file work01.cif (mmCIF, C-alpha atoms and all ligand atoms)
data_my_file
#
loop_
_atom_site.label_atom_id
_atom_site.label_comp_id
_atom_site.auth_asym_id
_atom_site.auth_seq_id
_atom_site.Cartn_x
_atom_site.Cartn_y
_atom_site.Cartn_z
CA MET A 1 8.63 -24.37 -12.28
CA LYS A 2 5.47 -24.51 -14.41
CA THR A 3 5.91 -23.06 -17.86
CA SER A 4 2.59 -23.28 -19.71
CA ASN A 5 0.57 -20.10 -19.25
CA ASN A 6 -3.05 -20.48 -18.34
CA LYS A 7 -5.11 -17.84 -20.09
CA ARG A 8 -7.87 -18.22 -17.52
CA LYS A 9 -5.61 -17.68 -14.54
CA ALA A 10 -4.46 -14.27 -13.33
CA ILE A 11 -2.11 -12.96 -10.66
CA ALA A 12 -3.63 -9.99 -8.82
CA LEU A 13 -1.72 -7.34 -6.93
CA LEU A 14 -3.77 -7.29 -3.73
CA SER A 15 -3.23 -4.73 -0.99
CA GLY A 16 -6.62 -5.47 0.55
CA GLY A 17 -7.83 -1.90 -0.06
CA LEU A 18 -11.05 -1.13 -1.91
CA ASP A 19 -9.55 -0.81 -5.43
CA SER A 20 -7.68 -4.09 -5.42
CA ARG A 21 -10.66 -5.91 -3.86
CA LEU A 22 -12.92 -4.63 -6.61
CA ALA A 23 -10.46 -5.61 -9.33
CA VAL A 24 -10.15 -9.15 -7.97
CA LYS A 25 -13.91 -9.53 -7.57
CA MET A 26 -14.57 -8.32 -11.13
CA ILE A 27 -12.15 -10.86 -12.55
CA LEU A 28 -13.41 -13.69 -10.34
CA ASP A 29 -16.96 -12.86 -11.45
CA GLN A 30 -15.84 -13.62 -15.01
CA GLY A 31 -15.01 -17.15 -13.91
CA ILE A 32 -11.26 -16.57 -14.10
CA GLU A 33 -8.96 -18.18 -11.55
CA VAL A 34 -7.07 -15.60 -9.47
CA GLU A 35 -4.10 -15.92 -7.18
CA ALA A 36 -2.87 -12.83 -5.32
CA VAL A 37 0.45 -11.32 -4.36
CA ASN A 38 0.86 -8.74 -1.62
CA PHE A 39 3.97 -6.61 -1.28
CA VAL A 40 5.15 -5.42 2.12
CA THR A 41 8.19 -3.41 3.14
CA VAL A 42 9.62 -1.94 6.29
CA PHE A 43 8.43 1.44 5.00
CA CYS A 44 4.70 0.59 5.21
CA THR A 45 2.95 2.77 7.79
CA CYS A 46 -0.01 0.50 8.45
CA THR A 47 -0.78 0.13 12.12
CA ALA A 48 -0.09 -3.10 13.94
CA ARG A 49 -3.85 -3.63 14.35
CA SER A 50 -4.52 -3.47 10.64
CA SER A 51 -1.58 -4.02 8.35
CA CYS A 52 -1.91 -4.24 4.58
CA LYS A 53 -0.67 -7.80 4.93
CA SER A 54 -3.61 -8.72 7.14
CA GLU A 55 -6.06 -6.75 4.97
CA ALA A 56 -4.79 -8.69 1.96
CA ARG A 57 -5.09 -11.94 3.90
CA LYS A 58 -8.67 -11.09 4.91
CA ALA A 59 -9.61 -10.29 1.32
CA ALA A 60 -7.93 -13.45 -0.01
CA GLU A 61 -9.79 -15.55 2.55
CA GLU A 62 -13.08 -13.88 1.72
CA TYR A 63 -12.62 -14.62 -1.99
CA GLY A 64 -11.14 -18.07 -1.40
CA ILE A 65 -7.98 -17.34 -3.39
CA GLY A 66 -4.32 -18.12 -2.70
CA LEU A 67 -2.09 -15.31 -1.44
CA LYS A 68 1.67 -14.94 -1.61
CA THR A 69 3.25 -12.19 0.50
CA LEU A 70 6.53 -10.82 -0.79
CA ASN A 71 8.77 -8.63 1.34
CA THR A 72 10.47 -6.25 -1.08
CA THR A 73 12.31 -4.01 1.38
CA ARG A 74 15.72 -4.71 -0.20
CA GLU A 75 14.47 -4.01 -3.73
CA LEU A 76 12.89 -0.77 -2.55
CA LEU A 77 16.09 0.29 -0.82
CA ASP A 78 17.95 -0.33 -4.11
CA ALA A 79 15.41 1.90 -5.81
CA VAL A 80 15.89 4.60 -3.15
CA ARG A 81 19.66 4.53 -3.74
CA ASN A 82 19.39 4.52 -7.53
CA ALA A 83 16.11 6.13 -8.54
CA ARG A 84 16.24 6.27 -12.33
CA HIS A 85 12.90 8.01 -12.57
CA GLY A 86 13.21 10.47 -9.72
CA TYR A 87 11.55 10.94 -6.36
CA GLY A 88 8.24 12.23 -5.07
CA ARG A 89 8.04 14.70 -2.21
CA GLY A 90 10.26 12.59 0.07
CA VAL A 91 12.68 9.86 -1.01
CA ASN A 92 9.89 7.83 -2.60
CA PRO A 93 11.06 6.49 -5.95
CA CYS A 94 7.52 5.46 -6.89
CA LEU A 95 8.14 4.64 -10.54
CA ASP A 96 11.22 2.54 -9.88
CA CYS A 97 9.42 0.90 -6.96
CA ARG A 98 6.40 0.00 -9.09
CA ILE A 99 8.62 -1.29 -11.92
CA SER A 100 10.39 -3.59 -9.48
CA MET A 101 7.07 -4.71 -7.94
CA PHE A 102 5.57 -5.51 -11.33
CA ARG A 103 8.71 -7.36 -12.39
CA LYS A 104 8.37 -9.55 -9.28
CA ALA A 105 4.69 -10.08 -9.98
CA GLY A 106 5.58 -11.04 -13.57
CA GLU A 107 8.13 -13.58 -12.33
CA TYR A 108 5.50 -15.04 -10.05
CA MET A 109 2.95 -15.06 -12.88
CA ARG A 110 5.28 -17.19 -15.01
CA GLU A 111 6.17 -19.43 -12.10
CA ALA A 112 2.50 -19.96 -11.23
CA GLY A 113 1.60 -20.64 -14.86
CA ALA A 114 -0.80 -17.67 -15.01
CA GLY A 115 -1.51 -15.70 -18.19
CA PHE A 116 -1.72 -12.10 -17.00
CA ILE A 117 -1.66 -9.59 -14.15
CA VAL A 118 -4.63 -7.80 -12.58
CA THR A 119 -4.38 -4.55 -10.62
CA GLY A 120 -6.78 -2.13 -8.94
CA GLU A 121 -5.03 0.85 -10.53
CA VAL A 122 -7.21 3.81 -11.41
CA TRP A 123 -6.29 6.27 -14.15
CA GLY A 124 -4.95 9.44 -12.52
CA GLU A 125 -5.60 8.38 -8.91
CA ARG A 126 -2.03 8.82 -7.68
CA PRO A 127 0.04 11.74 -8.91
CA MET A 128 3.32 9.90 -9.43
CA SER A 129 2.66 6.26 -10.23
CA GLN A 130 -0.88 6.27 -11.62
CA ARG A 131 -0.50 8.92 -14.29
CA PRO A 132 -1.30 7.29 -17.60
CA ASP A 133 2.22 7.89 -19.03
CA ALA A 134 3.78 6.51 -15.83
CA MET A 135 1.55 3.44 -15.93
CA ARG A 136 2.62 2.75 -19.51
CA LEU A 137 6.28 3.19 -18.61
CA ILE A 138 5.97 0.83 -15.63
CA GLU A 139 4.26 -1.73 -17.84
CA LYS A 140 6.99 -1.53 -20.48
CA GLU A 141 9.99 -1.53 -18.14
CA SER A 142 8.66 -4.42 -16.08
CA GLY A 143 8.41 -6.58 -19.21
CA LEU A 144 4.62 -6.87 -18.91
CA GLU A 145 3.54 -4.89 -21.96
CA GLY A 146 -0.04 -5.82 -22.84
CA LEU A 147 -0.31 -8.24 -19.93
CA ILE A 148 -1.79 -5.95 -17.27
CA VAL A 149 -5.56 -5.80 -16.92
CA ARG A 150 -6.90 -2.85 -14.93
CA PRO A 151 -10.59 -3.65 -14.47
CA LEU A 152 -11.44 -0.26 -12.90
CA SER A 153 -10.00 1.87 -15.72
CA ALA A 154 -9.65 -0.57 -18.63
CA HIS A 155 -11.68 1.54 -21.08
CA LEU A 156 -9.25 4.44 -20.74
CA PHE A 157 -6.36 2.27 -21.98
CA GLU A 158 -5.72 0.40 -25.19
CA PRO A 159 -7.15 -3.11 -24.77
CA SER A 160 -4.67 -5.47 -23.14
CA ILE A 161 -3.80 -8.82 -24.73
CA PRO A 162 -6.22 -10.73 -22.44
CA GLU A 163 -8.99 -8.31 -23.46
CA ARG A 164 -8.14 -8.49 -27.18
CA LYS A 165 -7.99 -12.26 -27.13
CA GLY A 166 -11.25 -12.54 -25.22
CA TRP A 167 -9.76 -14.21 -22.12
CA VAL A 168 -11.30 -11.27 -20.24
CA ASN A 169 -14.61 -9.71 -21.28
CA ARG A 170 -13.73 -6.03 -21.77
CA GLU A 171 -17.40 -5.09 -21.84
CA LYS A 172 -17.63 -5.87 -18.14
CA LEU A 173 -14.72 -3.59 -17.22
CA MET A 174 -14.93 0.07 -16.19
CA ALA A 175 -13.62 3.55 -17.08
CA MET A 176 -12.95 5.13 -13.69
CA GLU A 177 -10.53 7.99 -13.29
CA GLY A 178 -9.37 10.48 -10.70
CA ARG A 179 -9.16 10.57 -6.96
CA SER A 180 -12.79 10.39 -5.89
CA ARG A 181 -13.73 7.09 -4.26
CA LYS A 182 -17.42 7.48 -4.94
CA PRO A 183 -17.53 5.39 -8.15
CA GLN A 184 -15.63 2.61 -6.41
CA MET A 185 -18.01 2.68 -3.44
CA GLN A 186 -20.98 2.53 -5.75
CA LEU A 187 -19.49 -0.41 -7.63
CA ALA A 188 -18.67 -2.13 -4.32
CA ALA A 189 -22.33 -1.95 -3.33
CA GLU A 190 -23.39 -3.30 -6.74
CA ILE A 191 -21.08 -6.30 -6.87
CA GLY A 192 -21.11 -7.17 -3.18
CA VAL A 193 -17.69 -6.03 -2.02
CA ASN A 194 -18.24 -5.30 1.67
CA ASP A 195 -16.09 -4.76 4.71
CA TYR A 196 -13.28 -2.97 2.93
CA PRO A 197 -10.90 -0.83 5.00
CA CYS A 198 -10.82 2.98 5.00
CA PRO A 199 -7.85 4.34 3.12
CA ALA A 200 -5.08 4.41 5.71
CA GLY A 201 -1.46 3.59 5.96
CA GLY A 202 1.02 4.70 3.38
CA CYS A 203 4.71 4.81 2.82
CA LEU A 204 7.27 6.43 5.10
CA LEU A 205 9.42 7.29 2.10
CA CYS A 206 6.89 10.00 1.20
CA GLU A 207 7.34 11.76 4.55
CA LYS A 208 9.87 14.58 4.49
CA ASP A 209 11.11 14.07 8.06
CA PHE A 210 11.64 10.38 7.51
CA ALA A 211 13.41 11.18 4.23
CA VAL A 212 15.97 13.30 6.11
CA ARG A 213 16.56 10.50 8.60
CA LEU A 214 16.92 7.85 5.92
CA ARG A 215 19.28 9.94 3.77
CA THR A 216 21.54 10.46 6.79
CA LEU A 217 21.56 6.75 7.56
CA LEU A 218 22.35 5.82 3.96
CA GLU A 219 25.27 8.26 3.89
CA GLU A 220 26.59 6.51 6.98
CA ASN A 221 25.86 2.99 5.80
CA PRO A 222 24.59 2.42 2.24
CA ASP A 223 23.39 -1.07 3.15
CA PRO A 224 21.97 -0.77 6.67
CA PRO A 225 20.44 -3.64 8.63
CA ILE A 226 16.63 -3.62 8.60
CA ALA A 227 16.64 -2.94 12.38
CA GLU A 228 18.43 0.36 11.71
CA ILE A 229 15.69 1.40 9.30
CA GLN A 230 13.01 0.36 11.79
CA SER A 231 14.62 2.48 14.48
CA LEU A 232 14.39 5.55 12.19
CA ARG A 233 10.66 5.61 12.89
CA LEU A 234 11.22 6.11 16.59
CA GLY A 235 12.16 8.90 18.98
CA ARG A 236 13.62 12.38 18.61
CA ILE A 237 16.83 12.31 16.63
CA PHE A 238 19.74 14.68 17.30
CA PHE A 239 22.99 14.86 15.40
CA ALA A 240 26.04 15.23 17.64
CA GLY A 241 28.93 17.40 16.50
CA ASN A 242 30.96 14.41 15.23
CA GLY A 243 28.06 12.94 13.23
CA ASN A 244 26.73 10.44 15.77
CA ARG A 245 22.96 10.14 15.97
CA ILE A 246 21.45 10.42 19.42
CA ILE A 247 17.94 8.98 19.64
CA ILE A 248 15.77 9.90 22.59
CA PRO A 249 12.60 7.79 22.91
CA ARG A 250 9.39 9.68 23.62
CA ASN A 251 7.66 7.05 25.75
CA GLU A 252 8.05 3.60 27.27
CA GLU A 253 6.98 1.80 24.12
CA GLU A 254 9.65 3.61 22.08
CA THR A 255 12.22 2.88 24.80
CA ARG A 256 11.39 -0.83 24.61
CA ARG A 257 11.50 -0.94 20.83
CA LEU A 258 14.66 1.15 20.44
CA THR A 259 16.47 -0.99 23.00
CA ALA A 260 15.36 -4.15 21.22
CA LEU A 261 16.53 -2.75 17.85
CA ALA A 262 19.94 -1.58 19.14
CA GLN A 263 22.85 -2.90 17.09
CA PRO A 264 26.38 -3.98 18.01
CA GLY A 265 28.42 -0.81 18.41
CA ASP A 266 25.48 1.29 19.66
CA VAL A 267 25.77 2.86 23.09
CA LEU A 268 22.75 3.05 25.42
CA MET A 269 22.38 5.69 28.07
CA SER A 270 19.99 6.40 30.95
CA ALA A 271 19.85 8.53 34.06
CA GLY A 272 21.00 6.81 37.26
CA GLY A 273 20.20 7.43 40.91
CA GLY A 274 16.55 6.50 40.58
CA ILE A 275 15.74 9.40 38.26
CA MET A 276 13.14 8.34 35.72
CA GLY A 277 13.80 9.15 32.10
CA PRO A 278 14.44 7.77 28.63
CA THR A 279 16.97 5.14 27.63
CA SER A 280 18.72 6.90 24.78
CA VAL A 281 20.63 5.20 21.98
CA ILE A 282 23.74 6.63 20.32
CA LYS A 283 24.40 5.32 16.83
CA GLY A 284 26.87 5.78 14.06
CA LYS A 285 30.60 6.30 14.27
CA PRO A 286 32.55 5.07 17.31
CA VAL A 287 31.21 7.25 20.08
CA GLY A 288 33.72 9.85 21.25
CA GLU A 289 33.72 11.86 24.44
CA ALA A 290 32.05 14.95 22.94
CA ALA A 291 29.16 12.87 21.60
CA LEU A 292 28.80 11.13 24.96
CA LEU A 293 28.54 14.49 26.73
CA GLU A 294 25.97 15.80 24.27
CA ALA A 295 23.94 12.60 24.58
CA ALA A 296 24.15 12.70 28.36
CA ALA A 297 22.93 16.31 28.49
CA LEU A 298 19.99 15.43 26.27
CA THR A 299 19.17 12.23 28.15
CA ALA A 300 19.10 14.28 31.37
CA ARG A 301 17.06 17.02 29.68
CA TYR A 302 14.28 14.64 28.67
CA GLY A 303 14.07 12.87 32.05
CA GLN A 304 12.72 13.90 35.43
CA GLY A 305 16.07 15.50 36.33
CA ARG A 306 15.67 18.27 33.75
CA GLU A 307 15.56 20.98 36.47
CA ALA A 308 18.47 19.54 38.50
CA GLU A 309 21.92 21.12 38.76
CA LYS A 310 23.54 17.81 37.89
CA VAL A 311 22.28 14.42 36.78
CA THR A 312 24.18 11.15 36.90
CA VAL A 313 23.96 9.37 33.56
CA GLU A 314 25.14 5.82 32.90
CA TYR A 315 26.14 4.50 29.52
CA TYR A 316 26.67 0.94 28.41
CA PRO A 317 26.78 -1.24 25.26
CA ALA A 318 23.71 -2.55 23.43
CA PRO A 319 22.21 -5.72 24.94
CA GLY A 320 23.98 -8.79 23.60
CA ASP A 321 27.03 -6.77 22.57
CA SER A 322 29.04 -7.19 25.76
CA GLU A 323 31.54 -9.49 23.97
CA ASN A 324 32.69 -6.69 21.66
CA ALA A 325 32.40 -3.97 24.24
CA ARG A 326 35.55 -2.06 25.17
CA PRO A 327 36.15 -0.89 28.73
CA ASP A 328 35.39 2.72 27.75
CA ASP A 329 31.99 1.70 26.29
CA CYS A 330 30.52 1.89 29.78
CA GLY A 331 30.80 4.54 32.38
CA ILE A 332 29.12 7.22 34.44
CA LEU A 333 28.92 10.93 33.70
CA GLU A 334 27.81 13.82 35.89
CA ILE A 335 26.07 16.29 33.61
CA LEU A 336 24.09 19.51 33.54
CA PRO A 337 20.85 18.81 31.63
CA ALA A 338 20.72 20.41 28.18
CA ASP A 339 19.54 23.96 28.60
CA GLY A 340 15.81 23.91 27.94
CA TRP A 341 15.13 24.02 24.26
CA ARG A 342 18.26 25.99 23.39
CA LEU A 343 20.63 23.04 23.02
CA ALA A 344 17.84 20.89 21.67
CA GLU A 345 17.12 23.39 18.92
CA GLU A 346 20.78 23.60 18.03
CA LEU A 347 21.07 19.85 17.67
CA GLU A 348 17.66 18.64 16.62
CA ARG A 349 16.97 18.48 12.93
CA GLN A 350 13.28 17.79 13.31
S1 LIG A 401 4.57 5.22 -2.08
FE1 LIG A 401 6.29 3.93 -1.40
S2 LIG A 401 5.56 1.80 -1.69
FE2 LIG A 401 4.19 3.14 -2.85
S3 LIG A 401 5.05 3.16 -4.92
FE3 LIG A 401 5.91 4.93 -3.83
S4 LIG A 401 7.85 4.19 -2.99
FE4 LIG A 401 6.65 2.39 -3.54
#

call {"tool": "encode", "arguments": {"input": "work01.cif", "output": "structure tokens"}}
result
Amino acid sequence: MKTSNNKRKAIALLSGGLDSRLAVKMILDQGIEVEAVNFVTVFCTCTARSSCKSEARKAAEEYGIGLKTLNTTRELLDAVRNARHGYGRGVNPCLDCRISMFRKAGEYMREAGAGFIVTGEVWGERPMSQRPDAMRLIEKESGLEGLIVRPLSAHLFEPSIPERKGWVNREKLMAMEGRSRKPQMQLAAEIGVNDYPCPAGGCLLCEKDFAVRLRTLLEENPDPPIAEIQSLRLGRIFFAGNGNRIIIPRNEEETRRLTALAQPGDVLMSAGGGIMGPTSVIKGKPVGEAALLEAAALTARYGQGREAEKVTVEYYPAPGDSENARPDDCGILEILPADGWRLAEELERQ
């Protein structure tokens, strides 16, 4: 590990969005070496076509700087379980999350022999984590007091150590605040930052429906496998009387992904006899008869047999789990499809 800090080298938090691109460009334009870190978690809602990881990679390539991607899903889950500074509108512990992110960035800064951190934060842009008092708290609790340079809003803060010592020319930094993107777009045109993505993506932890799903999972298993969290994004979820979760995929893509994410102990279920329909997944406690019947009625309800008197439904263990499967983990049920929306409304929580 390198130990000597280089005052002319910075570690930038780079998401690849407009703000972080501008911040990096402003620091590079001062002749300062920059290396970037990008944080990703299973809770990011970027699309597969344009993830923040690939936006960060594109930006790093454009600026010719090194990029380290850090997956901080476990740290964020810890923060969700023990949010010391509270939650936003879902189960998003933004302050704790940012503290942990900045701590990691600080560790990397020391490891890389850099002298300070650069961010694209804008005073007052985000209600929870970019309030001035929150930004100061994050800075203090992450052990980076005085070492964070925020080129877009620097003049609204006390000068950082790099600004006071002249490693960074404060005169060339800005005083942006608030949620409007206009000043950033104007600056982008002035300093040649092009091809930046529209604001998109976000964090599932802020979504109320996802928050309900995640809370239920964490009550069941405080340390769930990542695949279990990924499956929370998919399908309609019903809670059977005994606490099992029944997940009904809404299309073929969700069927494929839910089947691939199924865990040992899960039970899969689909209509037999050539009737098209979803492959449902039952998760949670060992699946009892009542849960099987509820799942079968729902599986039939969401397939082409929804109007039939009776539908044959087959159930079987998750792929790759046949070794642990017990004889009663597979079978066939004859079932009346769940009655229109009545049963669904009784069971569905979203
Ligand atoms: S929105 Fe999600 S990723 Fe962003 S700071 Fe909050 S918890 Fe962390």

call {"tool": "closest_residue", "arguments": {"input": "work01.cif", "among": "A:Val193, A:Leu156, A:Leu333, A:Cys203", "to": "ligand LIG 401 (chain A)", "atoms": "all atoms listed in the file"}}
result
A:Cys203

call {"tool": "residues_near_ligand", "arguments": {"input": "work01.cif", "ligand": "ligand LIG 401 (chain A)", "cutoff": "6 Å", "atoms": "all atoms listed in the file", "output": "mmCIF file with C-alpha atoms, keeping the file's coordinate frame"}}
result
data_model
loop_
_atom_site.group_PDB
_atom_site.id
_atom_site.type_symbol
_atom_site.label_atom_id
_atom_site.label_comp_id
_atom_site.auth_asym_id
_atom_site.auth_seq_id
_atom_site.Cartn_x
_atom_site.Cartn_y
_atom_site.Cartn_z
ATOM 1 C CA ASN A 92 9.890 7.830 -2.600
ATOM 2 C CA PRO A 93 11.060 6.490 -5.950
ATOM 3 C CA CYS A 94 7.520 5.460 -6.890
ATOM 4 C CA CYS A 97 9.420 0.900 -6.960
ATOM 5 C CA ARG A 98 6.400 0.000 -9.090
ATOM 6 C CA CYS A 203 4.710 4.810 2.820
ATOM 7 C CA LEU A 205 9.420 7.290 2.100
#

call {"tool": "residues_around", "arguments": {"input": "work01.cif", "residues": "Gly202 in chain A", "least_positions_apart": "4", "cutoff": "8 Å", "atoms": "all atoms listed in the file", "output": "PDB file with C-alpha atoms, keeping the file's coordinate frame"}}
result
ATOM      1  CA  CYS A  44       4.700   0.590   5.210  1.00  0.00           C
ATOM      2  CA  THR A  45       2.950   2.770   7.790  1.00  0.00           C
ATOM      3  CA  CYS A  46      -0.010   0.500   8.450  1.00  0.00           C
TER       4      CYS A  46
END

call {"tool": "closest_residue", "arguments": {"input": "work01.cif", "among": "A:Gly273, A:Pro337, A:Lys283, A:Arg257", "to": "Arg301 in chain A", "atoms": "only C-alpha atoms"}}
result
A:Pro337

call {"tool": "residues_around", "arguments": {"input": "work01.cif", "residues": "Gln230 in chain A", "least_positions_apart": "2", "cutoff": "10 Å", "atoms": "all atoms listed in the file", "output": "PyMOL selection string"}}
result
chain A and resi 42-43+225-228+232-234+257-258+261

call {"tool": "atom_distance", "arguments": {"input": "work01.cif", "atom1": "CA of Asp329 in chain A", "atom2": "CA of Asn242 in chain A"}}
result
16.9 Å

call {"tool": "residues_around", "arguments": {"input": "work01.cif", "residues": "Pro162 in chain A", "least_positions_apart": "4", "cutoff": "8 Å", "atoms": "only C-alpha atoms", "output": "short mmCIF file (atom, residue, chain, number, x, y, z; two decimals) with C-alpha atoms, in the coordinates of the input"}}
result
data_model
loop_
_atom_site.label_atom_id
_atom_site.label_comp_id
_atom_site.auth_asym_id
_atom_site.auth_seq_id
_atom_site.Cartn_x
_atom_site.Cartn_y
_atom_site.Cartn_z
CA LYS A 7 -5.11 -17.84 -20.09
CA PHE A 116 -1.72 -12.10 -17.00
CA GLY A 146 -0.04 -5.82 -22.84
CA LEU A 147 -0.31 -8.24 -19.93
CA VAL A 149 -5.56 -5.80 -16.92
CA GLY A 166 -11.25 -12.54 -25.22
CA TRP A 167 -9.76 -14.21 -22.12
CA VAL A 168 -11.30 -11.27 -20.24
#

call {"tool": "closest_residue", "arguments": {"input": "work01.cif", "among": "A:Arg110, A:Arg103, A:Lys58, A:Arg170", "to": "Glu141 in chain A", "atoms": "all atoms listed in the file"}}
result
A:Arg103

call {"tool": "axis_aligned_box", "arguments": {"input": "work01.cif", "around": "range 211-219 of chain A", "padding_each_side": "3 Å", "output": "JSON"}}
result
{"center_x": 19.3, "center_y": 9.6, "center_z": 6.2, "size_x": 17.9, "size_y": 13.5, "size_z": 10.8}

call {"tool": "atom_distance", "arguments": {"input": "work01.cif", "atom1": "CA of Ala114 in chain A", "atom2": "CA of Leu76 in chain A"}}
result
25.1 Å

call {"tool": "closest_residue", "arguments": {"input": "work01.cif", "among": "A:Val311, A:Val40, A:Ala290, A:Val80", "to": "Arg215 in chain A", "atoms": "only C-alpha atoms"}}
result
A:Val80

call {"tool": "residues_near_point", "arguments": {"input": "work01.cif", "point": "(-8.1, -6.0, -16.4)", "cutoff": "12 Å", "atoms": "only C-alpha atoms", "output": "MDAnalysis selection string"}}
result
chainID A and resid 10:13 20 22:28 30 32 34 115:122 146:164 166:175

call {"tool": "residues_around", "arguments": {"input": "work01.cif", "residues": "Glu207 in chain A", "least_positions_apart": "5", "cutoff": "10 Å", "atoms": "only C-alpha atoms", "output": "list in words"}}
result
Gly88, Arg89, Gly90, Val91, Asn92, Gly202 and Val212 of chain A

call {"tool": "atom_distance", "arguments": {"input": "work01.cif", "atom1": "CA of Gly305 in chain A", "atom2": "CA of Thr259 in chain A"}}
result
21.2 Å

call {"tool": "closest_residue", "arguments": {"input": "work01.cif", "among": "A:Ile248, A:Leu144, A:Cys206, A:Leu293", "to": "Tyr87 in chain A", "atoms": "all atoms listed in the file"}}
result
A:Cys206

call {"tool": "closest_residue", "arguments": {"input": "work01.cif", "among": "A:Asn221, A:Ser270, A:Ser54, A:Gln186", "to": "Thr312 in chain A", "atoms": "only C-alpha atoms"}}
result
A:Ser270

call {"tool": "residues_near_point", "arguments": {"input": "work01.cif", "point": "(13.4, 6.6, 22.1)", "cutoff": "12 Å", "atoms": "all atoms listed in the file", "output": "PDB file with C-alpha atoms, in the frame of the given file"}}
result
ATOM      1  CA  SER A 231      14.620   2.480  14.480  1.00  0.00           C
ATOM      2  CA  LEU A 232      14.390   5.550  12.190  1.00  0.00           C
ATOM      3  CA  ARG A 233      10.660   5.610  12.890  1.00  0.00           C
ATOM      4  CA  LEU A 234      11.220   6.110  16.590  1.00  0.00           C
ATOM      5  CA  GLY A 235      12.160   8.900  18.980  1.00  0.00           C
ATOM      6  CA  ARG A 236      13.620  12.380  18.610  1.00  0.00           C
ATOM      7  CA  ILE A 237      16.830  12.310  16.630  1.00  0.00           C
ATOM      8  CA  PHE A 238      19.740  14.680  17.300  1.00  0.00           C
ATOM      9  CA  ARG A 245      22.960  10.140  15.970  1.00  0.00           C
ATOM     10  CA  ILE A 246      21.450  10.420  19.420  1.00  0.00           C
ATOM     11  CA  ILE A 247      17.940   8.980  19.640  1.00  0.00           C
ATOM     12  CA  ILE A 248      15.770   9.900  22.590  1.00  0.00           C
ATOM     13  CA  PRO A 249      12.600   7.790  22.910  1.00  0.00           C
ATOM     14  CA  ARG A 250       9.390   9.680  23.620  1.00  0.00           C
ATOM     15  CA  ASN A 251       7.660   7.050  25.750  1.00  0.00           C
ATOM     16  CA  GLU A 252       8.050   3.600  27.270  1.00  0.00           C
ATOM     17  CA  GLU A 253       6.980   1.800  24.120  1.00  0.00           C
ATOM     18  CA  GLU A 254       9.650   3.610  22.080  1.00  0.00           C
ATOM     19  CA  THR A 255      12.220   2.880  24.800  1.00  0.00           C
ATOM     20  CA  ARG A 256      11.390  -0.830  24.610  1.00  0.00           C
ATOM     21  CA  ARG A 257      11.500  -0.940  20.830  1.00  0.00           C
ATOM     22  CA  LEU A 258      14.660   1.150  20.440  1.00  0.00           C
ATOM     23  CA  THR A 259      16.470  -0.990  23.000  1.00  0.00           C
ATOM     24  CA  ALA A 260      15.360  -4.150  21.220  1.00  0.00           C
ATOM     25  CA  LEU A 261      16.530  -2.750  17.850  1.00  0.00           C
ATOM     26  CA  ALA A 262      19.940  -1.580  19.140  1.00  0.00           C
ATOM     27  CA  LEU A 268      22.750   3.050  25.420  1.00  0.00           C
ATOM     28  CA  MET A 269      22.380   5.690  28.070  1.00  0.00           C
ATOM     29  CA  SER A 270      19.990   6.400  30.950  1.00  0.00           C
ATOM     30  CA  GLY A 277      13.800   9.150  32.100  1.00  0.00           C
ATOM     31  CA  PRO A 278      14.440   7.770  28.630  1.00  0.00           C
ATOM     32  CA  THR A 279      16.970   5.140  27.630  1.00  0.00           C
ATOM     33  CA  SER A 280      18.720   6.900  24.780  1.00  0.00           C
ATOM     34  CA  VAL A 281      20.630   5.200  21.980  1.00  0.00           C
ATOM     35  CA  ILE A 282      23.740   6.630  20.320  1.00  0.00           C
ATOM     36  CA  LEU A 298      19.990  15.430  26.270  1.00  0.00           C
ATOM     37  CA  THR A 299      19.170  12.230  28.150  1.00  0.00           C
ATOM     38  CA  TYR A 302      14.280  14.640  28.670  1.00  0.00           C
ATOM     39  CA  GLY A 303      14.070  12.870  32.050  1.00  0.00           C
TER      40      GLY A 303
END
